[in-house]
file structure_11.txt (compact mmCIF, C-alpha atoms and all ligand atoms)
# COMPACT_ATOMS: atom_id res chain seq x y z
CA MET F 1 -19.40 5.05 1.71
CA LYS F 2 -20.98 1.73 2.60
CA ARG F 3 -23.24 0.48 -0.17
CA VAL F 4 -26.31 -1.54 0.69
CA ARG F 5 -27.80 -3.16 -2.36
CA SER F 6 -31.53 -3.49 -2.87
CA LEU F 7 -33.07 -6.72 -4.20
CA PRO F 8 -33.61 -5.44 -7.77
CA ILE F 9 -29.96 -4.38 -7.91
CA ILE F 10 -28.84 -7.81 -6.69
CA ILE F 11 -30.99 -9.49 -9.37
CA LEU F 12 -29.62 -7.13 -12.01
CA THR F 13 -26.07 -7.86 -10.85
CA ILE F 14 -26.64 -11.62 -11.09
CA LEU F 15 -28.17 -11.25 -14.57
CA SER F 16 -25.36 -9.02 -15.75
CA SER F 17 -22.80 -11.47 -14.31
CA LEU F 18 -24.44 -14.31 -16.24
CA PHE F 19 -24.51 -12.15 -19.36
CA SER F 20 -20.87 -11.14 -19.05
CA LEU F 21 -19.84 -14.75 -18.32
CA ALA F 22 -21.48 -15.69 -21.59
CA ALA F 23 -19.86 -12.71 -23.26
CA TYR F 24 -16.41 -13.76 -22.05
CA ALA F 25 -17.01 -17.31 -23.22
CA ASP F 26 -18.16 -16.26 -26.70
CA GLU F 27 -16.01 -13.25 -27.38
CA SER F 28 -12.99 -13.75 -29.58
CA GLY F 29 -10.93 -10.96 -28.00
CA PRO F 30 -8.96 -11.32 -24.79
CA ILE F 31 -10.07 -9.92 -21.42
CA VAL F 32 -8.27 -6.61 -20.90
CA ILE F 33 -7.16 -5.81 -17.35
CA ARG F 34 -5.92 -2.26 -16.80
CA PHE F 35 -3.42 -2.08 -13.91
CA SER F 36 -2.98 1.52 -12.75
CA HIS F 37 -0.39 2.52 -10.15
CA VAL F 38 1.58 5.53 -8.91
CA SER F 39 5.14 4.15 -8.81
CA ASN F 40 7.86 3.90 -11.41
CA ASP F 41 9.03 0.70 -13.10
CA GLY F 42 12.07 0.25 -10.82
CA SER F 43 10.05 0.25 -7.59
CA PRO F 44 8.87 -2.98 -5.89
CA LYS F 45 5.32 -2.35 -7.12
CA GLY F 46 6.43 -1.35 -10.61
CA LYS F 47 8.48 -4.53 -10.94
CA GLY F 48 5.59 -6.64 -9.63
CA ALA F 49 3.18 -5.11 -12.15
CA LEU F 50 5.55 -5.77 -15.06
CA LEU F 51 6.23 -9.35 -13.94
CA LEU F 52 2.48 -9.97 -13.73
CA GLN F 53 2.03 -8.56 -17.22
CA LYS F 54 4.87 -10.76 -18.56
CA LEU F 55 3.68 -14.03 -17.01
CA VAL F 56 0.08 -13.43 -18.07
CA LYS F 57 1.25 -12.74 -21.63
CA GLU F 58 3.33 -15.95 -21.67
CA ARG F 59 0.66 -18.21 -20.22
CA LEU F 60 -2.69 -16.65 -21.04
CA GLY F 61 -1.79 -14.36 -23.92
CA ASP F 62 -4.73 -15.29 -26.10
CA LYS F 63 -7.23 -14.93 -23.25
CA VAL F 64 -6.01 -12.08 -21.03
CA VAL F 65 -4.01 -8.90 -21.60
CA ILE F 66 -2.68 -6.82 -18.71
CA GLU F 67 -2.12 -3.14 -19.54
CA VAL F 68 0.21 -1.48 -17.04
CA HIS F 69 -0.12 2.28 -16.45
CA GLY F 70 2.45 3.40 -13.85
CA ASN F 71 3.72 6.75 -12.55
CA SER F 72 0.20 8.07 -11.80
CA GLU F 73 -0.22 8.26 -15.60
CA LEU F 74 -3.97 7.56 -15.29
CA PHE F 75 -4.89 8.23 -11.66
CA ASN F 76 -3.49 8.92 -8.23
CA ASP F 77 -4.48 6.36 -5.59
CA THR F 78 -7.58 8.15 -4.28
CA ASP F 79 -9.11 8.80 -7.70
CA GLY F 80 -7.90 5.41 -8.88
CA LEU F 81 -9.83 3.51 -6.23
CA GLU F 82 -13.05 5.22 -7.30
CA ALA F 83 -12.21 4.45 -10.95
CA LEU F 84 -11.65 0.82 -9.95
CA ARG F 85 -15.07 0.73 -8.31
CA ARG F 86 -16.53 2.05 -11.58
CA ASN F 87 -14.57 -0.68 -13.43
CA GLU F 88 -12.65 1.85 -15.52
CA ILE F 89 -9.50 0.13 -14.29
CA GLN F 90 -9.36 -3.38 -12.87
CA LEU F 91 -6.13 -3.67 -10.85
CA MET F 92 -4.30 -1.38 -8.42
CA ALA F 93 -1.86 -1.90 -5.57
CA PRO F 94 -2.30 1.14 -3.32
CA SER F 95 -0.39 1.42 -0.10
CA LEU F 96 -2.39 0.06 2.85
CA SER F 97 -2.88 3.62 4.10
CA LYS F 98 -5.01 4.52 1.09
CA PHE F 99 -8.14 2.53 1.99
CA ARG F 100 -9.41 4.81 4.74
CA ALA F 101 -12.65 5.61 2.90
CA TYR F 102 -13.62 1.93 2.68
CA THR F 103 -12.67 0.25 5.96
CA ASP F 104 -11.61 1.05 9.52
CA GLU F 105 -9.64 -2.14 10.05
CA LEU F 106 -6.85 -1.55 7.56
CA GLN F 107 -5.79 1.45 9.64
CA ILE F 108 -3.96 -1.13 11.73
CA PHE F 109 -1.03 -1.03 9.32
CA ASP F 110 -0.50 2.68 10.07
CA LEU F 111 -0.14 2.31 13.84
CA PRO F 112 3.37 3.51 14.69
CA PHE F 113 5.80 0.94 16.10
CA LEU F 114 3.26 -1.90 15.88
CA PHE F 115 5.48 -4.26 13.88
CA ASP F 116 9.12 -4.82 14.81
CA ASP F 117 10.15 -5.54 11.24
CA LEU F 118 8.96 -6.72 7.83
CA ALA F 119 9.13 -10.38 8.89
CA ALA F 120 6.47 -9.64 11.54
CA VAL F 121 4.33 -7.83 8.97
CA ASP F 122 4.61 -10.84 6.66
CA LYS F 123 3.63 -13.22 9.45
CA PHE F 124 0.55 -11.19 10.35
CA GLN F 125 -0.54 -10.85 6.71
CA SER F 126 -0.23 -14.62 6.19
CA ARG F 127 -2.29 -15.58 9.25
CA PRO F 128 -6.11 -15.90 9.15
CA LYS F 129 -6.72 -12.42 10.62
CA GLY F 130 -4.48 -10.84 8.01
CA ARG F 131 -6.07 -12.87 5.20
CA GLN F 132 -9.55 -11.81 6.36
CA LEU F 133 -8.59 -8.17 5.87
CA LEU F 134 -8.25 -8.84 2.13
CA LEU F 135 -12.04 -9.19 2.12
CA SER F 136 -12.77 -6.20 4.36
CA MET F 137 -13.93 -4.00 1.44
CA VAL F 138 -16.07 -6.45 -0.53
CA LYS F 139 -19.26 -4.54 0.30
CA GLN F 140 -17.66 -1.50 -1.32
CA GLY F 141 -16.92 -3.48 -4.47
CA ILE F 142 -13.20 -3.92 -3.79
CA VAL F 143 -11.57 -7.30 -3.23
CA GLY F 144 -7.96 -7.81 -2.10
CA LEU F 145 -5.99 -10.45 -4.00
CA ALA F 146 -2.62 -10.28 -2.22
CA TYR F 147 -0.29 -8.25 -0.04
CA TRP F 148 2.86 -6.95 -1.67
CA HIS F 149 5.75 -5.75 0.47
CA ASN F 150 7.66 -2.54 0.10
CA GLY F 151 9.29 -2.00 3.50
CA MET F 152 9.59 -0.24 6.82
CA LYS F 153 9.27 3.55 6.82
CA GLN F 154 12.00 6.03 7.76
CA LEU F 155 11.66 9.71 8.63
CA SER F 156 13.45 12.34 6.57
CA ALA F 157 13.73 16.09 6.98
CA ASN F 158 15.65 19.22 6.09
CA LYS F 159 17.36 19.06 9.49
CA PRO F 160 18.79 16.19 11.52
CA LEU F 161 16.19 14.43 13.69
CA THR F 162 17.43 12.37 16.60
CA THR F 163 14.74 13.13 19.16
CA PRO F 164 10.99 13.56 18.61
CA GLU F 165 11.23 17.08 20.04
CA GLU F 166 13.39 18.09 17.08
CA ALA F 167 10.49 17.32 14.71
CA ALA F 168 8.06 19.69 16.46
CA GLY F 169 6.71 22.42 14.19
CA LEU F 170 7.90 20.80 10.94
CA ASN F 171 5.42 20.00 8.15
CA PHE F 172 5.52 16.37 7.05
CA ARG F 173 3.95 15.07 3.85
CA ILE F 174 1.60 12.21 4.67
CA GLN F 175 -0.70 9.83 2.85
CA ASN F 176 -4.41 10.39 3.44
CA SER F 177 -4.62 8.62 6.81
CA ASP F 178 -6.10 9.75 10.12
CA VAL F 179 -3.63 7.55 11.99
CA LEU F 180 -0.62 9.12 10.27
CA LYS F 181 -2.04 12.56 11.00
CA ALA F 182 -2.34 11.62 14.69
CA GLN F 183 1.17 10.14 14.65
CA PHE F 184 2.69 13.49 13.66
CA ALA F 185 0.38 15.42 15.98
CA ALA F 186 1.71 13.24 18.82
CA ILE F 187 5.19 14.68 18.25
CA LYS F 188 3.78 18.21 17.78
CA ALA F 189 4.55 18.23 14.07
CA ASN F 190 2.13 19.18 11.30
CA SER F 191 1.05 16.95 8.47
CA VAL F 192 0.03 17.80 4.93
CA VAL F 193 -1.85 15.21 2.86
CA LEU F 194 -0.42 15.07 -0.65
CA PRO F 195 -0.53 12.52 -3.45
CA TYR F 196 2.67 10.56 -3.97
CA SER F 197 3.33 12.33 -7.27
CA ALA F 198 3.36 15.73 -5.51
CA MET F 199 5.76 14.81 -2.67
CA SER F 200 9.10 15.58 -4.29
CA LYS F 201 8.05 19.04 -5.52
CA ALA F 202 6.44 19.92 -2.19
CA LEU F 203 9.74 19.09 -0.46
CA ALA F 204 11.72 21.08 -3.02
CA ASP F 205 9.40 24.11 -2.71
CA GLY F 206 9.46 24.01 1.10
CA GLN F 207 5.69 23.42 1.38
CA VAL F 208 6.72 20.50 3.58
CA GLN F 209 10.06 19.96 5.27
CA GLY F 210 9.87 16.25 5.98
CA ALA F 211 8.37 12.94 4.92
CA GLU F 212 8.13 9.28 5.83
CA ASN F 213 9.03 6.67 3.24
CA PRO F 214 10.45 3.20 2.89
CA TRP F 215 14.02 3.15 1.51
CA ALA F 216 12.85 2.11 -1.96
CA ASN F 217 10.44 5.04 -2.35
CA PHE F 218 12.93 7.59 -1.02
CA ASP F 219 15.49 6.39 -3.55
CA GLU F 220 13.09 5.89 -6.48
CA GLN F 221 11.72 9.42 -6.01
CA ASN F 222 15.30 10.72 -5.73
CA LEU F 223 14.54 12.45 -2.45
CA GLN F 224 18.30 12.62 -1.88
CA SER F 225 18.16 15.87 -3.82
CA VAL F 226 15.60 17.46 -1.45
CA GLN F 227 16.09 15.78 1.96
CA PRO F 228 19.58 16.12 3.45
CA TYR F 229 18.79 13.96 6.52
CA LEU F 230 17.14 10.60 6.98
CA THR F 231 16.62 9.00 10.39
CA GLU F 232 16.48 5.21 10.47
CA THR F 233 13.38 4.91 12.64
CA ASN F 234 11.65 1.85 11.12
CA HIS F 235 8.58 3.31 12.85
CA GLY F 236 5.94 1.90 10.51
CA VAL F 237 5.31 -0.12 7.40
CA LEU F 238 4.45 0.79 3.82
CA ASP F 239 3.02 -2.26 2.09
CA TYR F 240 0.45 -2.72 -0.63
CA MET F 241 -2.79 -4.53 -1.25
CA LEU F 242 -3.29 -5.75 -4.79
CA VAL F 243 -6.98 -5.03 -5.35
CA THR F 244 -9.55 -5.50 -8.06
CA ASN F 245 -13.20 -4.71 -8.75
CA SER F 246 -15.11 -7.61 -7.18
CA GLU F 247 -17.87 -7.79 -9.81
CA PHE F 248 -15.34 -7.74 -12.64
CA TRP F 249 -13.21 -10.39 -10.97
CA TYR F 250 -15.96 -12.88 -10.23
CA ASP F 251 -17.33 -12.44 -13.76
CA ILE F 252 -14.12 -13.86 -15.21
CA PRO F 253 -14.74 -17.51 -16.15
CA PHE F 254 -13.60 -19.78 -13.33
CA GLU F 255 -10.80 -21.52 -15.20
CA ILE F 256 -9.16 -18.30 -16.39
CA ARG F 257 -9.60 -16.68 -12.97
CA SER F 258 -7.93 -19.66 -11.28
CA GLN F 259 -4.97 -19.40 -13.65
CA LEU F 260 -4.73 -15.67 -12.98
CA GLU F 261 -4.81 -16.28 -9.23
CA GLY F 262 -2.02 -18.83 -9.62
CA ILE F 263 0.12 -16.30 -11.49
CA ILE F 264 -0.65 -13.63 -8.89
CA ALA F 265 0.51 -16.02 -6.15
CA GLU F 266 3.78 -16.55 -8.03
CA VAL F 267 4.34 -12.82 -8.56
CA THR F 268 3.48 -12.12 -4.93
CA TYR F 269 6.06 -14.68 -3.79
CA GLN F 270 8.68 -13.06 -6.03
CA VAL F 271 7.88 -9.47 -4.92
CA ASN F 272 7.87 -10.42 -1.24
CA GLN F 273 10.98 -12.62 -1.42
CA THR F 274 13.02 -9.82 -2.93
CA ALA F 275 11.73 -7.02 -0.66
CA ALA F 276 14.47 -7.28 1.97
CA GLY F 277 17.24 -7.36 -0.67
CA GLU F 278 15.70 -4.43 -2.52
CA THR F 279 15.55 -2.45 0.71
CA LEU F 280 19.27 -2.99 1.28
CA ARG F 281 20.09 -2.02 -2.30
CA HIS F 282 18.13 1.25 -2.03
CA ARG F 283 19.62 2.00 1.38
CA GLU F 284 23.08 1.61 -0.13
CA ASN F 285 22.20 3.91 -3.06
CA ILE F 286 21.11 6.60 -0.62
CA ALA F 287 24.21 6.19 1.55
CA ASN F 288 26.47 6.30 -1.53
CA SER F 289 24.76 9.37 -2.98
CA GLY F 290 26.65 11.53 -0.50
CA LYS F 291 23.63 13.86 -0.44
CA THR F 292 21.59 12.46 2.43
CA GLU F 293 23.07 11.73 5.84
CA ILE F 294 21.64 8.57 7.39
CA ILE F 295 21.16 8.94 11.14
CA SER F 296 21.09 5.71 13.16
CA LEU F 297 19.32 5.69 16.52
CA SER F 298 20.47 3.99 19.71
CA ASP F 299 17.91 1.69 21.39
CA GLU F 300 17.18 4.44 23.93
CA GLN F 301 16.69 7.08 21.24
CA ARG F 302 14.33 4.82 19.27
CA ALA F 303 12.41 4.05 22.48
CA ALA F 304 11.81 7.80 22.92
CA TRP F 305 10.21 8.01 19.44
CA ARG F 306 8.11 4.96 20.23
CA GLN F 307 6.95 6.40 23.52
CA SER F 308 5.95 9.73 22.05
CA MET F 309 3.93 8.12 19.23
CA GLN F 310 2.36 5.32 21.29
CA PRO F 311 -0.73 7.35 22.45
CA VAL F 312 -2.02 7.01 18.87
CA TRP F 313 -2.85 3.35 19.56
CA GLN F 314 -5.31 4.31 22.27
CA GLU F 315 -7.00 6.83 20.00
CA PHE F 316 -7.69 4.26 17.26
CA SER F 317 -8.04 0.98 19.15
CA ASP F 318 -11.86 1.01 19.17
CA GLN F 319 -12.09 1.73 15.44
CA ILE F 320 -9.51 -0.88 14.50
CA GLY F 321 -10.41 -3.46 17.14
CA LYS F 322 -8.35 -4.44 20.16
CA ARG F 323 -8.28 -8.14 19.21
CA LEU F 324 -6.94 -7.33 15.77
CA ILE F 325 -4.20 -5.19 17.31
CA ARG F 326 -3.31 -7.99 19.74
CA SER F 327 -3.00 -10.49 16.90
CA ALA F 328 -0.71 -8.12 15.01
CA GLN F 329 1.45 -7.72 18.10
CA ALA F 330 1.66 -11.48 18.42
CA ALA F 331 3.45 -11.59 15.07
CA ASN F 332 6.49 -9.82 16.54
C1 LIG K 1 3.45 3.97 -3.11
O1 LIG K 1 2.50 3.47 -3.66
O2 LIG K 1 4.52 3.40 -2.91
C2 LIG K 1 3.32 5.41 -2.66
C3 LIG K 1 2.78 5.52 -1.30
C4 LIG K 1 2.70 6.97 -0.89
O3 LIG K 1 1.76 7.66 -1.31
O4 LIG K 1 3.57 7.44 -0.14
call {"tool": "encode", "arguments": {"input": "structure_11.txt", "output": "structure tokens", "more": "lines below"}}
Ligand code: SIN
result
Amino acid sequence: MKRVRSLPIIILTILSSLFSLAAYADESGPIVIRFSHVSNDGSPKGKGALLLQKLVKERLGDKVVIEVHGNSELFNDTDGLEALRRNEIQLMAPSLSKFRAYTDELQIFDLPFLFDDLAAVDKFQSRPKGRQLLLSMVKQGIVGLAYWHNGMKQLSANKPLTTPEEAAGLNFRIQNSDVLKAQFAAIKANSVVLPYSAMSKALADGQVQGAENPWANFDEQNLQSVQPYLTETNHGVLDYMLVTNSEFWYDIPFEIRSQLEGIIAEVTYQVNQTAAGETLRHRENIANSGKTEIISLSDEQRAAWRQSMQPVWQEFSDQIGKRLIRSAQAAN
């Protein structure tokens, strides 16, 4: 996947950047930024995308237009990232598990029981090591602009799960991540990689019997109707990286790009400030639905899940980097 550019290509890129800079400066029409994502409007990401669209319209309306295409209307995350590299779309916010094809380091966010809570995730993302990861895919033409929170993941299934042994043999829907695959293998469960848009049907049809989701996604996808049990494991995190096509981004005239980056910082603050409250609201919706039983774990029971999934760290520590893992742990 890594792209090494030859000199002629670099020269062509510089020339085309200069040309498109001039084109932006001279053109009468606004710059159109297509934001494609897989969630619905009520989700943390959906709300963030709409807020970004609104603020850009208010402040830069004559210069920039953000088109939002949610609900996998254009692409799922895997196809979308390739479309972003081809500049067919310019913004996405895939979950951090979706970047496997472009970098080893971002796998850190999938390590089970690495972060104690969302506050620790936030701390790590804000520190220099976390910020550096935003630039870990530049050679592949993808640049990270911000981290957006969703929340900690919970396990759900068609049967109550209190111990890891009870999950053995079940099929869990996972995102396309080697770490998540290993996590379920560690508890002798199977995993099936499916796009987000296919999860609910796969659970309804019995293709898979379980899943892992933050509260918001479980509720927004109405998994109450297909998953009678949810165990509050908080075993991992599902957050997003707002990404763009690097050539497109750095071709935007400096002044406009700076204003866009300012608006993105504001939206990011808003999305991340409201994440904890949103999580509680969705947890309450699920509890009040009367369809899904929420199973709380004692400290000892949670420790058993942690212990059975912990070998995954060893398996991926060379790929991810031991120092990076230590700095994430230090955020707890
Ligand atoms: C999302 O973007 O929230 C969906 C992540 C997933 O595929 O589970």
call {"tool": "closest_residue", "arguments": {"input": "structure_11.txt", "among": "F:Ile31, F:Ser39, F:Ala328, F:Gln270", "to": "Gln221 in chain F", "atoms": "all atoms listed in the file"}}
result
F:Ser39
call {"tool": "closest_residue", "arguments": {"input": "structure_11.txt", "among": "F:Asp219, F:Glu293, F:Asp116, F:Glu82", "to": "Thr279 in chain F", "atoms": "all atoms listed in the file"}}
result
F:Asp219
call {"tool": "residues_near_ligand", "arguments": {"input": "structure_11.txt", "ligand": "ligand LIG 1 (chain K)", "cutoff": "6 Å", "atoms": "only C-alpha atoms and all ligand atoms", "output": "list in words"}}
result
Val38, Ser39, Pro94, Ser95, Gln175, Pro195 and Tyr196 of chain F
call {"tool": "atom_distance", "arguments": {"input": "structure_11.txt", "atom1": "CA of Tyr229 in chain F", "atom2": "CA of Lys291 in chain F"}}
result
8.5 Å
call {"tool": "closest_atom_pairs", "arguments": {"input": "structure_11.txt", "of": "range 57-103 of chain F", "to": "range 138-147 of chain F", "cutoff": "12 Å", "atoms": "all atoms listed in the file", "output": "JSON lines"}}
result
{"residue": "F:Gly80", "atom": "CA", "partner": "F:Ile142", "partner_atom": "CA", "distance": 11.9}
{"residue": "F:Leu81", "atom": "CA", "partner": "F:Ile142", "partner_atom": "CA", "distance": 8.5}
{"residue": "F:Glu82", "atom": "CA", "partner": "F:Ile142", "partner_atom": "CA", "distance": 9.8}
{"residue": "F:Ala83", "atom": "CA", "partner": "F:Ile142", "partner_atom": "CA", "distance": 11.1}
{"residue": "F:Leu84", "atom": "CA", "partner": "F:Ile142", "partner_atom": "CA", "distance": 7.9}
{"residue": "F:Arg85", "atom": "CA", "partner": "F:Gly141", "partner_atom": "CA", "distance": 6.0}
{"residue": "F:Arg86", "atom": "CA", "partner": "F:Gly141", "partner_atom": "CA", "distance": 9.0}
{"residue": "F:Asn87", "atom": "CA", "partner": "F:Gly141", "partner_atom": "CA", "distance": 9.7}
{"residue": "F:Ile89", "atom": "CA", "partner": "F:Ile142", "partner_atom": "CA", "distance": 11.8}
{"residue": "F:Gln90", "atom": "CA", "partner": "F:Ile142", "partner_atom": "CA", "distance": 9.9}
{"residue": "F:Leu91", "atom": "CA", "partner": "F:Leu145", "partner_atom": "CA", "distance": 9.6}
{"residue": "F:Met92", "atom": "CA", "partner": "F:Gly144", "partner_atom": "CA", "distance": 9.7}
{"residue": "F:Ala93", "atom": "CA", "partner": "F:Tyr147", "partner_atom": "CA", "distance": 8.6}
{"residue": "F:Pro94", "atom": "CA", "partner": "F:Tyr147", "partner_atom": "CA", "distance": 10.1}
{"residue": "F:Ser95", "atom": "CA", "partner": "F:Tyr147", "partner_atom": "CA", "distance": 9.7}
{"residue": "F:Leu96", "atom": "CA", "partner": "F:Tyr147", "partner_atom": "CA", "distance": 9.0}
{"residue": "F:Phe99", "atom": "CA", "partner": "F:Ile142", "partner_atom": "CA", "distance": 10.0}
{"residue": "F:Ala101", "atom": "CA", "partner": "F:Gln140", "partner_atom": "CA", "distance": 9.7}
{"residue": "F:Tyr102", "atom": "CA", "partner": "F:Gln140", "partner_atom": "CA", "distance": 6.6}
{"residue": "F:Thr103", "atom": "CA", "partner": "F:Gln140", "partner_atom": "CA", "distance": 9.0}
call {"tool": "closest_residue", "arguments": {"input": "structure_11.txt", "among": "F:Ala330, F:Leu230, F:Ile256, F:Ile320", "to": "Asp104 in chain F", "atoms": "all atoms listed in the file"}}
result
F:Ile320
call {"tool": "atom_distance", "arguments": {"input": "structure_11.txt", "atom1": "CA of Phe35 in chain F", "atom2": "CA of His69 in chain F"}}
result
6.0 Å
call {"tool": "residues_near_point", "arguments": {"input": "structure_11.txt", "point": "(9.0, 1.2, 2.9)", "cutoff": "9 Å", "atoms": "all atoms listed in the file", "output": "list in words"}}
result
His149, Asn150, Gly151, Met152, Lys153, Gln154, Glu212, Asn213, Pro214, Trp215, Ala216, Asn217, Phe218, Asn234, Gly236, Val237, Leu238, Asp239 and Thr279 of chain F
call {"tool": "closest_residue", "arguments": {"input": "structure_11.txt", "among": "F:Ala157, F:Ala120, F:Met199, F:Val193", "to": "Ile174 in chain F", "atoms": "only C-alpha atoms"}}
result
F:Val193
call {"tool": "closest_residue", "arguments": {"input": "structure_11.txt", "among": "F:Lys47, F:Asp41, F:Val32, F:Leu134", "to": "Asp62 in chain F", "atoms": "only C-alpha atoms"}}
result
F:Val32
call {"tool": "closest_residue", "arguments": {"input": "structure_11.txt", "among": "F:Leu111, F:Leu135, F:Leu155, F:Leu223", "to": "Ile295 in chain F", "atoms": "all atoms listed in the file"}}
result
F:Leu155
call {"tool": "atom_distance", "arguments": {"input": "structure_11.txt", "atom1": "CA of Glu220 in chain F", "atom2": "CA of Asp205 in chain F"}}
result
19.0 Å
call {"tool": "residues_around", "arguments": {"input": "structure_11.txt", "residues": "Val56 in chain F", "least_positions_apart": "4", "cutoff": "10 Å", "atoms": "all atoms listed in the file", "output": "list in words"}}
result
Leu50, Leu51, Leu52, Leu60, Gly61, Asp62, Lys63, Val64, Val65, Ile66, Gln259, Leu260, Ile263 and Ile264 of chain F
call {"tool": "residues_around", "arguments": {"input": "structure_11.txt", "residues": "Gln314 in chain F", "least_positions_apart": "4", "cutoff": "12 Å", "atoms": "all atoms listed in the file", "output": "VMD selection string"}}
result
chain F and resid 108 111 to 112 179 182 to 183 186 309 to 310 318 to 322 325
